>>> print(open('model01.csv').read())   # CSV, C-alpha atoms
chain,number,residue,atom,x,y,z
A,574,MET,CA,-23.3,52.9,4.1
A,575,ARG,CA,-23.3,49.2,3.5
A,576,TYR,CA,-19.9,47.5,3.7
A,577,TYR,CA,-19.0,44.6,1.6
A,578,ALA,CA,-16.2,42.1,2.1
A,579,VAL,CA,-13.3,43.1,-0.1
A,580,ARG,CA,-12.4,40.3,-2.4
A,581,ASN,CA,-9.1,39.7,-4.0
A,582,MET,CA,-8.7,42.0,-7.0
A,583,SER,CA,-7.5,39.2,-9.1
A,584,ASP,CA,-10.8,37.3,-8.6
A,585,PRO,CA,-11.7,36.1,-12.1
A,586,SER,CA,-15.4,36.9,-11.7
A,587,LEU,CA,-14.7,40.5,-10.7
A,588,LEU,CA,-12.2,40.9,-13.6
A,589,VAL,CA,-14.8,39.6,-16.1
A,590,LEU,CA,-17.5,42.0,-14.7
A,591,ALA,CA,-15.0,44.9,-15.0
A,592,SER,CA,-14.1,43.9,-18.5
A,593,LEU,CA,-17.7,43.7,-19.7
A,594,ALA,CA,-18.3,47.1,-18.1
A,595,GLY,CA,-16.3,48.5,-21.0
A,596,GLY,CA,-18.6,46.8,-23.6
A,597,ASP,CA,-19.7,43.5,-24.8
A,598,LYS,CA,-16.8,41.0,-25.5
A,599,HIS,CA,-16.3,37.4,-26.4
A,600,GLY,CA,-13.9,35.2,-24.4
A,601,TYR,CA,-10.7,36.0,-26.2
A,602,ALA,CA,-11.4,39.7,-26.2
A,603,MET,CA,-12.0,39.5,-22.5
A,604,MET,CA,-8.7,37.7,-21.9
A,605,GLN,CA,-6.9,40.4,-23.8
A,606,ASP,CA,-8.7,43.3,-22.1
A,607,ILE,CA,-8.1,41.9,-18.6
A,608,GLN,CA,-4.5,41.4,-19.4
A,609,GLN,CA,-4.3,45.0,-20.5
A,610,PHE,CA,-6.1,46.7,-17.7
A,611,ALA,CA,-5.2,44.3,-14.8
A,612,GLY,CA,-2.0,42.7,-15.9
A,613,THR,CA,-3.5,39.3,-15.3
A,614,ARG,CA,-3.7,36.6,-17.8
A,615,LEU,CA,-6.6,34.4,-17.1
A,616,GLY,CA,-6.3,30.8,-18.4
A,617,PRO,CA,-9.1,29.6,-20.6
A,618,GLY,CA,-10.4,27.2,-17.9
A,619,THR,CA,-10.4,29.9,-15.3
A,620,LEU,CA,-12.1,32.4,-17.7
A,621,TYR,CA,-14.9,30.1,-18.7
A,622,GLY,CA,-15.3,28.9,-15.1
A,623,ALA,CA,-16.0,32.6,-14.2
A,624,ILE,CA,-18.3,33.1,-17.2
A,625,THR,CA,-20.3,30.0,-16.3
A,626,ARG,CA,-20.8,31.1,-12.7
A,627,LEU,CA,-21.7,34.7,-13.7
A,628,GLU,CA,-24.1,33.6,-16.3
A,629,GLN,CA,-25.8,31.1,-13.9
A,630,ARG,CA,-26.3,33.9,-11.4
A,631,GLY,CA,-27.7,36.2,-14.1
A,632,LEU,CA,-24.9,38.7,-13.8
A,633,ILE,CA,-23.9,38.4,-17.4
A,634,ARG,CA,-25.7,37.2,-20.5
A,635,GLY,CA,-24.6,35.6,-23.7
A,636,VAL,CA,-25.6,37.7,-26.8
A,637,ASP,CA,-27.0,35.8,-29.7
A,638,SER,CA,-24.5,35.7,-32.5
A,639,ASP,CA,-23.9,33.8,-35.7
A,640,ASP,CA,-20.2,33.8,-34.9
A,641,ARG,CA,-18.7,30.9,-32.9
A,642,ARG,CA,-17.2,33.6,-30.6
A,643,ARG,CA,-20.3,34.4,-28.6
A,644,PRO,CA,-20.1,37.9,-27.0
A,645,TYR,CA,-21.3,38.5,-23.4
A,646,THR,CA,-22.9,41.5,-21.9
A,647,LEU,CA,-23.4,42.8,-18.3
A,648,THR,CA,-27.0,42.5,-17.1
A,649,ALA,CA,-28.6,45.1,-14.8
A,650,LEU,CA,-28.0,42.8,-11.9
A,651,GLY,CA,-24.3,42.4,-13.0
A,652,GLN,CA,-23.9,46.2,-13.1
A,653,ARG,CA,-25.3,46.6,-9.6
A,654,GLN,CA,-23.0,43.8,-8.4
A,655,LEU,CA,-20.0,45.4,-10.0
A,656,GLN,CA,-20.9,48.8,-8.4
A,657,ALA,CA,-21.2,47.1,-5.0
A,658,GLU,CA,-17.8,45.4,-5.4
A,659,LEU,CA,-16.1,48.6,-6.5
A,660,ALA,CA,-17.7,50.6,-3.7
A,661,SER,CA,-16.3,48.0,-1.3
A,662,LEU,CA,-12.9,48.3,-2.9
A,663,SER,CA,-13.1,52.1,-2.8
A,664,GLN,CA,-14.0,52.0,0.9
A,665,PHE,CA,-11.1,49.7,1.5
A,666,VAL,CA,-8.6,52.0,-0.4
A,667,LYS,CA,-10.0,55.0,1.4
A,668,ILE,CA,-9.5,53.6,4.9
A,669,GLY,CA,-6.2,52.0,4.0
A,670,SER,CA,-4.8,55.3,2.6
A,671,ARG,CA,-6.0,57.3,5.6
A,672,ARG,CA,-4.4,54.9,8.0
A,673,LEU,CA,-1.2,55.0,6.0
A,674,HIS,CA,-1.1,58.8,6.2
A,675,GLU,CA,-1.6,58.7,9.9
A,676,LEU,CA,1.5,56.6,10.5
B,152,MET,CA,-0.3,22.6,-28.4
B,153,LYS,CA,-3.7,23.8,-29.4
B,154,SER,CA,-4.8,20.3,-30.3
B,155,VAL,CA,-3.6,19.1,-26.8
B,156,LEU,CA,-5.8,21.9,-25.2
B,157,LYS,CA,-8.8,20.8,-27.3
B,158,PHE,CA,-8.2,17.2,-26.3
B,159,PHE,CA,-8.3,18.1,-22.6
B,160,ALA,CA,-11.3,20.3,-23.2
B,161,ARG,CA,-13.2,17.1,-23.7
B,162,LEU,CA,-12.9,16.5,-19.9
B,163,TYR,CA,-15.6,19.1,-19.3
B,164,PRO,CA,-19.1,17.6,-18.6
B,165,ARG,CA,-21.2,17.0,-21.7
B,166,SER,CA,-23.9,19.4,-20.6
B,167,TRP,CA,-21.3,22.1,-20.2
B,168,ARG,CA,-19.8,21.4,-23.6
B,169,GLN,CA,-23.2,21.5,-25.2
B,170,ARG,CA,-23.6,25.1,-23.9
B,171,TYR,CA,-20.1,26.4,-24.1
B,172,GLY,CA,-18.1,23.9,-26.2
B,173,VAL,CA,-18.2,25.8,-29.5
B,174,GLU,CA,-17.2,29.1,-28.1
B,175,PHE,CA,-14.6,27.6,-25.9
B,176,GLU,CA,-13.0,25.8,-28.8
B,177,ALA,CA,-13.0,29.1,-30.7
B,178,LEU,CA,-11.2,30.7,-27.8
B,179,LEU,CA,-8.6,27.9,-27.8
B,180,GLU,CA,-8.0,28.6,-31.5
B,181,ASP,CA,-7.6,32.3,-31.0
B,182,LEU,CA,-5.2,32.4,-28.0
B,183,ARG,CA,-1.5,32.0,-27.9
B,184,PRO,CA,-1.3,28.9,-25.7
B,185,ALA,CA,0.9,28.8,-22.6
B,186,PRO,CA,2.0,25.5,-21.0
B,187,ARG,CA,0.0,26.2,-17.9
B,188,ASP,CA,-3.2,26.4,-19.9
B,189,THR,CA,-3.3,22.6,-20.0
B,190,PHE,CA,-3.4,22.5,-16.2
B,191,ASP,CA,-5.9,25.4,-16.2
B,192,ILE,CA,-8.2,23.5,-18.5
B,193,VAL,CA,-7.9,20.2,-16.7
B,194,PHE,CA,-8.5,21.8,-13.3
B,195,GLY,CA,-11.4,23.8,-14.7
B,196,ALA,CA,-12.9,20.7,-16.2
B,197,LEU,CA,-12.6,18.8,-12.9
B,198,LYS,CA,-14.1,21.7,-10.9
B,199,MET,CA,-17.0,21.8,-13.4
B,200,ARG,CA,-17.6,18.1,-12.9
B,201,ILE,CA,-17.6,18.5,-9.2
B,202,VAL,CA,-20.1,21.3,-9.5
B,203,THR,CA,-22.4,19.7,-12.0
B,204,TRP,CA,-22.3,16.1,-10.8
B,205,ALA,CA,-24.9,14.8,-8.3
B,206,PHE,CA,-23.2,14.0,-5.0
B,207,ALA,CA,-23.8,10.3,-5.4
B,208,LYS,CA,-21.9,10.3,-8.7
B,209,LEU,CA,-19.1,12.3,-7.2
B,210,ALA,CA,-18.9,10.1,-4.1
B,211,ILE,CA,-18.9,6.9,-6.2
B,212,THR,CA,-16.1,8.3,-8.5
B,213,MET,CA,-14.0,9.4,-5.6
B,214,ILE,CA,-14.5,6.1,-3.7
B,215,THR,CA,-13.5,4.1,-6.7
B,216,LEU,CA,-10.4,6.4,-7.3
B,217,GLY,CA,-9.4,6.2,-3.6
B,218,THR,CA,-9.6,2.5,-3.6
B,219,LEU,CA,-7.6,2.1,-6.8
B,220,VAL,CA,-4.9,4.6,-5.8
B,221,THR,CA,-4.4,3.2,-2.3
B,222,LEU,CA,-4.3,-0.4,-3.6
B,223,THR,CA,-1.8,0.5,-6.4
B,224,PHE,CA,0.4,2.4,-3.9
B,225,ALA,CA,0.3,-0.4,-1.4
B,226,PHE,CA,1.2,-3.1,-3.9
B,227,VAL,CA,3.7,-1.2,-6.0
B,228,PHE,CA,5.5,0.8,-3.4
B,229,GLY,CA,4.7,-0.9,-0.1
B,230,PRO,CA,6.7,-3.9,1.2
B,231,THR,CA,5.1,-7.3,1.1
B,232,HIS,CA,5.2,-9.5,4.1
B,233,TYR,CA,4.9,-13.2,4.1
B,234,VAL,CA,5.2,-15.1,7.4
B,235,SER,CA,6.3,-18.7,7.6
B,236,SER,CA,6.0,-20.5,10.9
B,237,ALA,CA,7.1,-23.8,12.5
B,238,VAL,CA,6.1,-25.4,15.7
B,239,ILE,CA,8.6,-27.3,18.0
B,240,VAL,CA,7.7,-29.3,21.0
B,241,VAL,CA,10.0,-29.6,24.0
B,242,SER,CA,10.3,-32.5,26.4
B,243,ALA,CA,12.4,-31.5,29.3
B,244,THR,CA,12.3,-30.9,33.1
B,245,ASN,CA,12.9,-27.2,32.4
B,246,PRO,CA,11.5,-26.6,28.9
B,247,LEU,CA,11.7,-22.8,29.1
B,248,HIS,CA,15.4,-22.9,29.8
B,249,ALA,CA,15.9,-25.1,26.8
B,250,PHE,CA,13.9,-22.8,24.7
B,251,TYR,CA,15.8,-19.7,25.7
B,252,ARG,CA,19.2,-21.4,25.2
B,253,ALA,CA,18.2,-22.6,21.7
B,254,ALA,CA,16.8,-19.2,20.8
B,255,GLN,CA,19.9,-17.4,22.0
B,256,THR,CA,22.1,-19.5,19.8
B,257,THR,CA,19.9,-19.4,16.8
B,258,LEU,CA,19.6,-15.6,16.9
B,259,SER,CA,23.3,-15.2,17.3
B,260,ARG,CA,25.3,-13.1,14.8
B,261,SER,CA,27.1,-16.1,13.3
B,262,THR,CA,23.9,-18.1,12.6
B,263,LEU,CA,22.1,-15.2,11.1
B,264,THR,CA,25.1,-14.1,9.0
B,265,ALA,CA,25.3,-17.6,7.6
B,266,SER,CA,21.5,-17.5,6.7
B,267,ILE,CA,21.8,-14.1,5.1
B,268,ASN,CA,24.8,-15.2,2.9
B,269,ARG,CA,23.4,-18.6,2.0
B,270,PHE,CA,20.0,-17.3,0.9
B,271,GLY,CA,21.1,-13.9,-0.3
B,272,LEU,CA,18.6,-12.2,2.0
B,273,TYR,CA,18.0,-8.4,2.2
B,274,PRO,CA,20.0,-7.5,-1.0
B,275,SER,CA,18.9,-3.8,-1.1
B,276,GLN,CA,19.7,-3.3,2.6
B,277,ARG,CA,23.0,-5.0,2.3
B,278,ALA,CA,24.0,-2.7,-0.5
B,279,ARG,CA,23.6,0.4,1.7
B,280,LEU,CA,23.8,-0.8,5.3
B,281,PRO,CA,26.6,-2.4,7.4
B,282,LEU,CA,26.1,-6.1,8.1
B,283,GLU,CA,25.3,-5.5,11.8
B,284,ASP,CA,22.3,-3.4,10.8
B,285,VAL,CA,21.1,-6.0,8.4
B,286,ILE,CA,21.4,-8.6,11.2
B,287,GLY,CA,19.4,-6.3,13.4
B,288,ILE,CA,16.7,-6.1,10.7
B,289,MET,CA,16.6,-9.8,10.4
B,290,ARG,CA,16.2,-10.2,14.2
B,291,THR,CA,13.1,-8.0,14.1
B,292,ASN,CA,11.7,-10.3,11.4
B,293,ILE,CA,12.1,-13.4,13.6
B,294,VAL,CA,9.5,-14.1,16.3
B,295,THR,CA,9.8,-17.0,18.8
B,296,ARG,CA,6.8,-17.5,21.1
B,297,PRO,CA,6.8,-20.2,23.8
B,298,PHE,CA,3.5,-21.8,24.5
B,299,SER,CA,1.9,-20.9,27.8
B,300,ASP,CA,2.4,-24.5,29.2
B,301,GLY,CA,6.1,-24.4,28.2
B,302,ARG,CA,5.8,-27.6,26.2
B,303,GLY,CA,6.6,-26.1,22.9
B,304,PHE,CA,7.1,-22.9,20.9
B,305,GLU,CA,6.5,-21.3,17.6
B,306,ILE,CA,9.2,-19.8,15.5
B,307,ALA,CA,8.2,-17.5,12.6
B,308,PHE,CA,10.1,-15.5,10.0
B,309,ASP,CA,8.7,-12.5,8.0
B,310,TYR,CA,10.1,-11.9,4.5
B,311,PRO,CA,8.9,-10.3,1.2
B,312,ASP,CA,9.5,-13.6,-0.7
B,313,ARG,CA,7.3,-16.4,0.6
B,314,PHE,CA,9.5,-19.2,-0.6
B,315,LEU,CA,12.6,-17.7,1.1
B,316,ALA,CA,10.5,-17.1,4.2
B,317,GLN,CA,9.7,-20.8,4.3
B,318,LYS,CA,13.3,-21.9,3.7
B,319,VAL,CA,14.8,-19.6,6.3
B,320,CYS,CA,12.1,-20.5,8.9
B,321,ALA,CA,12.8,-24.2,8.2
B,322,GLU,CA,16.6,-23.6,8.7
B,323,LEU,CA,16.1,-21.6,11.9
B,324,ALA,CA,13.8,-24.3,13.3
B,325,GLY,CA,16.3,-27.0,12.3
B,326,HIS,CA,19.1,-25.0,13.9
B,327,MET,CA,17.2,-24.8,17.2
B,328,ILE,CA,16.7,-28.5,17.3
B,329,GLU,CA,20.4,-29.2,16.4
B,330,THR,CA,21.6,-26.7,19.0
B,331,ASN,CA,19.7,-28.4,21.6
B,332,LEU,CA,20.9,-31.9,20.6
B,333,SER,CA,24.5,-30.8,20.7
B,334,GLY,CA,24.1,-29.1,24.1
B,335,ASP,CA,24.0,-30.6,27.5
B,336,GLY,CA,20.5,-29.5,28.6
B,337,GLY,CA,19.1,-32.9,28.2
B,338,ALA,CA,16.0,-31.6,26.5
B,339,LEU,CA,14.4,-33.2,23.6
B,340,MET,CA,13.0,-31.0,20.8
B,341,GLN,CA,11.0,-32.3,18.0
B,342,LEU,CA,9.5,-30.6,15.0
B,343,LEU,CA,5.8,-30.8,15.3
B,344,ASP,CA,4.7,-28.6,12.4
B,345,PRO,CA,7.3,-27.9,9.7
B,346,ALA,CA,7.8,-24.4,8.3
B,347,THR,CA,4.7,-23.4,6.4
B,348,LEU,CA,4.6,-22.0,2.9
B,349,PRO,CA,2.5,-18.8,3.3
B,350,GLN,CA,-0.2,-18.5,0.6
B,351,ARG,CA,-1.3,-15.0,1.3
B,352,PRO,CA,0.8,-12.0,2.5
B,353,LEU,CA,0.3,-10.8,6.0
B,354,TYR,CA,0.6,-7.3,4.5
B,355,PRO,CA,-0.7,-5.7,2.4
B,356,LYS,CA,-4.2,-6.7,3.4
B,357,ARG,CA,-6.3,-6.0,0.4
B,358,PRO,CA,-9.7,-5.7,2.1
B,359,LEU,CA,-8.4,-3.3,4.8
B,360,ILE,CA,-6.5,-1.2,2.3
B,361,ALA,CA,-9.5,-1.1,-0.1
B,362,THR,CA,-11.7,0.0,2.8
B,363,GLU,CA,-9.3,2.7,3.9
B,364,GLY,CA,-9.0,4.0,0.3
B,365,ALA,CA,-12.8,4.0,-0.1
B,366,LEU,CA,-13.2,5.9,3.1
B,367,ALA,CA,-10.6,8.4,2.0
B,368,GLY,CA,-12.4,8.8,-1.3
B,369,LEU,CA,-15.7,9.5,0.5
B,370,ILE,CA,-14.1,12.1,2.8
B,371,LEU,CA,-12.5,13.7,-0.2
B,372,ALA,CA,-15.8,13.9,-2.1
B,373,LEU,CA,-17.4,15.5,1.0
B,374,LEU,CA,-14.6,18.0,1.3
B,375,LEU,CA,-14.6,18.8,-2.5
B,376,ARG,CA,-18.4,19.4,-2.5
B,377,PHE,CA,-18.1,21.5,0.6
B,378,ALA,CA,-15.2,23.6,-0.8
B,379,VAL,CA,-17.0,24.2,-4.1
B,380,THR,CA,-20.3,25.0,-2.5
B,381,ARG,CA,-18.6,27.4,-0.1
B,382,SER,CA,-16.6,29.0,-2.9
B,383,ASN,CA,-19.7,29.5,-5.0
B,384,ARG,CA,-21.6,30.9,-2.1
B,385,SER,CA,-18.9,33.3,-1.1
B,386,ALA,CA,-18.5,34.7,-4.6
B,387,HIS,CA,-21.0,37.4,-4.9
B,388,ALA,CA,-22.7,36.4,-1.6
B,389,GLU,CA,-22.2,40.0,-0.4
B,390,PHE,CA,-24.6,41.5,-2.9
B,391,LYS,CA,-28.3,41.1,-2.3
B,392,PRO,CA,-30.2,42.5,-5.2
>>> encode(input="model01.csv", output="structure tokens")
Amino acid sequence: MRYYAVRNMSDPSLLVLASLAGGDKHGYAMMQDIQQFAGTRLGPGTLYGAITRLEQRGLIRGVDSDDRRRPYTLTALGQRQLQAELASLSQFVKIGSRRLHEL
Amino acid sequence: MKSVLKFFARLYPRSWRQRYGVEFEALLEDLRPAPRDTFDIVFGALKMRIVTWAFAKLAITMITLGTLVTLTFAFVFGPTHYVSSAVIVVSATNPLHAFYRAAQTTLSRSTLTASINRFGLYPSQRARLPLEDVIGIMRTNIVTRPFSDGRGFEIAFDYPDRFLAQKVCAELAGHMIETNLSGDGGALMQLLDPATLPQRPLYPKRPLIATEGALAGLILALLLRFAVTRSNRSAHAEFKP
């Protein structure tokens, strides 16, 4: 099994990927969704910093829209990235819990 | 509040605004703004500039900022030092003895207290420190240097006001000569060079401070570029598709 470095769960990029895993969303919808499921309010600058980085890496993609509020969607690469991140977190939780029980 | 956020959104690079500007503005219209959003936008815009700018542009900007900031701080908050000096020649069988005797009397508590009161020196220090401490400060601002051949010496006074520096230096030099005349040393002291009126401060030195600021700006530019590159590399670096 491949191990990945566990990143902070409040990492904006990870939160955006997790939010888009639930369906395409525009910026404000992402903010609301992230606040709901992670309890973290991303500021507009932080959110769009993450969106810019993720789009440049091809992990998300802007969907053509007539609305000013452009929705974003996860790409196949983004899905694999999110899976890898979650697997890493899952491994972390598993090991941490086991050690905690052994105390 | 929203108009403030929109104003700061202009700090983003033009190329970024062309791609994301419309939707970012729509987001700002939708959200319920919090005070920290302003900082978030300003910080995000600066970070985006660091990412998108060529290193040369970033370096020039940081060097300019570093130079301006250090110069401003040095001139606004830093003390200014003007140094006035006078030269006195001594004709005596033991000129060093005459010099030390005159210097001792001139730097005495009573002489310096009289100068402090007459010229109103060190007003801020006098407001918060006892007189003895102010006299101590004044002593550190007076330099007397005998020449190597012992035939004369220089007396200098360092003060933030160049006119007062000159006046006090002239008085101290005059006092040394008078002291010697009234004594029984038999030395003859004459004023060779009267107290100078300093044209430029000894500190702050503009070229040196500007160079330090520029260097600090360059180092900051290197650190910023390194930090942003590393941050971008570490985010998602684990995953290799």
>>> closest_atom_pairs(input="model01.csv", of="chain A", to="chain B", cutoff="6 Å", atoms="only C-alpha atoms", output="JSON lines")
{"residue": "A:Tyr577", "atom": "CA", "partner": "B:Glu389", "partner_atom": "CA", "distance": 5.9}
{"residue": "A:Tyr601", "atom": "CA", "partner": "B:Leu178", "partner_atom": "CA", "distance": 5.6}
{"residue": "A:Gly616", "atom": "CA", "partner": "B:Asp188", "partner_atom": "CA", "distance": 5.6}
{"residue": "A:Gly618", "atom": "CA", "partner": "B:Ile192", "partner_atom": "CA", "distance": 4.3}
{"residue": "A:Arg641", "atom": "CA", "partner": "B:Glu174", "partner_atom": "CA", "distance": 5.3}
{"residue": "A:Arg642", "atom": "CA", "partner": "B:Glu174", "partner_atom": "CA", "distance": 5.1}
>>> residues_around(input="model01.csv", residues="A:Gly651", least_positions_apart="5", cutoff="8 Å", atoms="all atoms listed in the file", output="list in words")
Leu590, Gly631, Leu632 and Ile633 of chain A
>>> write_last_selection(input="model01.csv", atoms="C-alpha atoms", output="PDB file, in the frame of the given file")
ATOM      1  CA  LEU A 590     -17.500  42.000 -14.700  1.00  0.00           C
ATOM      2  CA  GLY A 631     -27.700  36.200 -14.100  1.00  0.00           C
ATOM      3  CA  LEU A 632     -24.900  38.700 -13.800  1.00  0.00           C
ATOM      4  CA  ILE A 633     -23.900  38.400 -17.400  1.00  0.00           C
TER       5      ILE A 633
END
>>> atom_distance(input="model01.csv", atom1="atom CA of B:Gly217", atom2="atom CA of B:Ala361")
8.1 Å
>>> closest_residue(input="model01.csv", among="B:Val234, B:Ala324, B:Val285, B:Ile239", to="B:Tyr310", atoms="only C-alpha atoms")
B:Val234
>>> closest_residue(input="model01.csv", among="A:Ser586, A:Thr646, A:Gln629, A:Thr619", to="A:Glu658", atoms="only C-alpha atoms")
A:Ser586
>>> atom_distance(input="model01.csv", atom1="atom CA of B:Gly325", atom2="atom CA of B:Arg269")
15.1 Å
>>> axis_aligned_box(input="model01.csv", around="stretch 208-212 of chain B", padding_each_side="3 Å", output="JSON")
{"center_x": -19.0, "center_y": 9.6, "center_z": -6.4, "size_x": 11.8, "size_y": 11.4, "size_z": 10.6}
>>> residues_near_point(input="model01.csv", point="(-26.5, 43.4, -20.6)", cutoff="12 Å", atoms="all atoms listed in the file", output="JSON list (two decimals) with C-alpha atoms, keeping the file's coordinate frame")
[["chain", "number", "residue", "atom", "x", "y", "z"],
["A", 590, "LEU", "CA", -17.50, 42.00, -14.70],
["A", 593, "LEU", "CA", -17.70, 43.70, -19.70],
["A", 594, "ALA", "CA", -18.30, 47.10, -18.10],
["A", 595, "GLY", "CA", -16.30, 48.50, -21.00],
["A", 596, "GLY", "CA", -18.60, 46.80, -23.60],
["A", 597, "ASP", "CA", -19.70, 43.50, -24.80],
["A", 598, "LYS", "CA", -16.80, 41.00, -25.50],
["A", 628, "GLU", "CA", -24.10, 33.60, -16.30],
["A", 631, "GLY", "CA", -27.70, 36.20, -14.10],
["A", 632, "LEU", "CA", -24.90, 38.70, -13.80],
["A", 633, "ILE", "CA", -23.90, 38.40, -17.40],
["A", 634, "ARG", "CA", -25.70, 37.20, -20.50],
["A", 635, "GLY", "CA", -24.60, 35.60, -23.70],
["A", 636, "VAL", "CA", -25.60, 37.70, -26.80],
["A", 637, "ASP", "CA", -27.00, 35.80, -29.70],
["A", 644, "PRO", "CA", -20.10, 37.90, -27.00],
["A", 645, "TYR", "CA", -21.30, 38.50, -23.40],
["A", 646, "THR", "CA", -22.90, 41.50, -21.90],
["A", 647, "LEU", "CA", -23.40, 42.80, -18.30],
["A", 648, "THR", "CA", -27.00, 42.50, -17.10],
["A", 649, "ALA", "CA", -28.60, 45.10, -14.80],
["A", 650, "LEU", "CA", -28.00, 42.80, -11.90],
["A", 651, "GLY", "CA", -24.30, 42.40, -13.00],
["A", 652, "GLN", "CA", -23.90, 46.20, -13.10],
["A", 653, "ARG", "CA", -25.30, 46.60, -9.60]]
>>> closest_residue(input="model01.csv", among="A:Ala623, A:Ile668, A:Val589, A:Leu662", to="A:Ala611", atoms="only C-alpha atoms")
A:Val589
>>> residues_around(input="model01.csv", residues="B:Val202", least_positions_apart="3", cutoff="12 Å", atoms="all atoms listed in the file", output="list in words")
Gly622, Thr625 and Arg626 of chain A; Tyr163, Pro164, Ser166, Trp167, Gly195, Ala196, Leu197, Lys198, Met199, Ala205, Phe206, Lys208, Leu209, Ala372, Leu375, Arg376, Phe377, Ala378, Val379, Thr380, Arg381, Ser382 and Asn383 of chain B
>>> atom_distance(input="model01.csv", atom1="atom CA of B:Arg277", atom2="atom CA of B:Ile293")
17.8 Å
>>> build_atoms(input="model01.csv", residues="stretch 165-170 of chain B", atoms="all heavy atoms", output="PDB file, in the frame of the given file")
ATOM      1  N   ARG B 165     -20.514  16.851 -20.388  1.00  0.00           N
ATOM      2  CA  ARG B 165     -21.200  17.000 -21.700  1.00  0.00           C
ATOM      3  C   ARG B 165     -22.174  18.141 -21.719  1.00  0.00           C
ATOM      4  O   ARG B 165     -22.233  18.888 -22.696  1.00  0.00           O
ATOM      5  CB  ARG B 165     -21.935  15.662 -22.003  1.00  0.00           C
ATOM      6  CG  ARG B 165     -22.548  15.676 -23.390  1.00  0.00           C
ATOM      7  CD  ARG B 165     -23.232  14.372 -23.685  1.00  0.00           C
ATOM      8  NE  ARG B 165     -22.271  13.275 -23.721  1.00  0.00           N
ATOM      9  CZ  ARG B 165     -22.616  12.000 -23.773  1.00  0.00           C
ATOM     10  NH1 ARG B 165     -23.887  11.659 -23.763  1.00  0.00           N
ATOM     11  NH2 ARG B 165     -21.702  11.058 -23.838  1.00  0.00           N
ATOM     12  N   SER B 166     -22.913  18.281 -20.616  1.00  0.00           N
ATOM     13  CA  SER B 166     -23.900  19.400 -20.600  1.00  0.00           C
ATOM     14  C   SER B 166     -23.230  20.731 -20.723  1.00  0.00           C
ATOM     15  O   SER B 166     -23.741  21.625 -21.400  1.00  0.00           O
ATOM     16  CB  SER B 166     -24.698  19.311 -19.276  1.00  0.00           C
ATOM     17  OG  SER B 166     -23.811  19.413 -18.182  1.00  0.00           O
ATOM     18  N   TRP B 167     -22.061  20.858 -20.110  1.00  0.00           N
ATOM     19  CA  TRP B 167     -21.300  22.100 -20.200  1.00  0.00           C
ATOM     20  C   TRP B 167     -20.821  22.322 -21.649  1.00  0.00           C
ATOM     21  O   TRP B 167     -20.901  23.416 -22.198  1.00  0.00           O
ATOM     22  CB  TRP B 167     -20.134  22.103 -19.237  1.00  0.00           C
ATOM     23  CG  TRP B 167     -19.422  23.429 -19.131  1.00  0.00           C
ATOM     24  CD1 TRP B 167     -19.687  24.446 -18.262  1.00  0.00           C
ATOM     25  CD2 TRP B 167     -18.339  23.894 -19.955  1.00  0.00           C
ATOM     26  NE1 TRP B 167     -18.848  25.497 -18.469  1.00  0.00           N
ATOM     27  CE2 TRP B 167     -18.000  25.197 -19.510  1.00  0.00           C
ATOM     28  CE3 TRP B 167     -17.629  23.348 -21.017  1.00  0.00           C
ATOM     29  CZ2 TRP B 167     -16.984  25.948 -20.095  1.00  0.00           C
ATOM     30  CZ3 TRP B 167     -16.612  24.108 -21.604  1.00  0.00           C
ATOM     31  CH2 TRP B 167     -16.298  25.397 -21.137  1.00  0.00           C
ATOM     32  N   ARG B 168     -20.331  21.241 -22.244  1.00  0.00           N
ATOM     33  CA  ARG B 168     -19.800  21.400 -23.600  1.00  0.00           C
ATOM     34  C   ARG B 168     -20.913  21.705 -24.613  1.00  0.00           C
ATOM     35  O   ARG B 168     -20.673  22.407 -25.587  1.00  0.00           O
ATOM     36  CB  ARG B 168     -19.123  20.044 -24.024  1.00  0.00           C
ATOM     37  CG  ARG B 168     -17.690  19.964 -23.500  1.00  0.00           C
ATOM     38  CD  ARG B 168     -16.983  18.722 -23.974  1.00  0.00           C
ATOM     39  NE  ARG B 168     -17.390  17.558 -23.203  1.00  0.00           N
ATOM     40  CZ  ARG B 168     -17.696  16.395 -23.719  1.00  0.00           C
ATOM     41  NH1 ARG B 168     -17.655  16.220 -25.023  1.00  0.00           N
ATOM     42  NH2 ARG B 168     -18.036  15.389 -22.937  1.00  0.00           N
ATOM     43  N   GLN B 169     -22.120  21.199 -24.325  1.00  0.00           N
ATOM     44  CA  GLN B 169     -23.200  21.500 -25.200  1.00  0.00           C
ATOM     45  C   GLN B 169     -23.520  23.021 -25.207  1.00  0.00           C
ATOM     46  O   GLN B 169     -23.878  23.611 -26.217  1.00  0.00           O
ATOM     47  CB  GLN B 169     -24.469  20.737 -24.817  1.00  0.00           C
ATOM     48  CG  GLN B 169     -24.416  19.295 -25.309  1.00  0.00           C
ATOM     49  CD  GLN B 169     -25.507  18.426 -24.706  1.00  0.00           C
ATOM     50  OE1 GLN B 169     -26.236  18.851 -23.819  1.00  0.00           O
ATOM     51  NE2 GLN B 169     -25.614  17.209 -25.196  1.00  0.00           N
ATOM     52  N   ARG B 170     -23.337  23.646 -24.045  1.00  0.00           N
ATOM     53  CA  ARG B 170     -23.600  25.100 -23.900  1.00  0.00           C
ATOM     54  C   ARG B 170     -22.436  25.932 -24.343  1.00  0.00           C
ATOM     55  O   ARG B 170     -22.576  26.932 -25.054  1.00  0.00           O
ATOM     56  CB  ARG B 170     -24.067  25.375 -22.483  1.00  0.00           C
ATOM     57  CG  ARG B 170     -24.086  26.831 -22.091  1.00  0.00           C
ATOM     58  CD  ARG B 170     -25.113  27.638 -22.891  1.00  0.00           C
ATOM     59  NE  ARG B 170     -25.030  29.057 -22.573  1.00  0.00           N
ATOM     60  CZ  ARG B 170     -24.161  29.901 -23.134  1.00  0.00           C
ATOM     61  NH1 ARG B 170     -23.301  29.464 -24.072  1.00  0.00           N
ATOM     62  NH2 ARG B 170     -24.139  31.180 -22.798  1.00  0.00           N
TER      63      ARG B 170
END
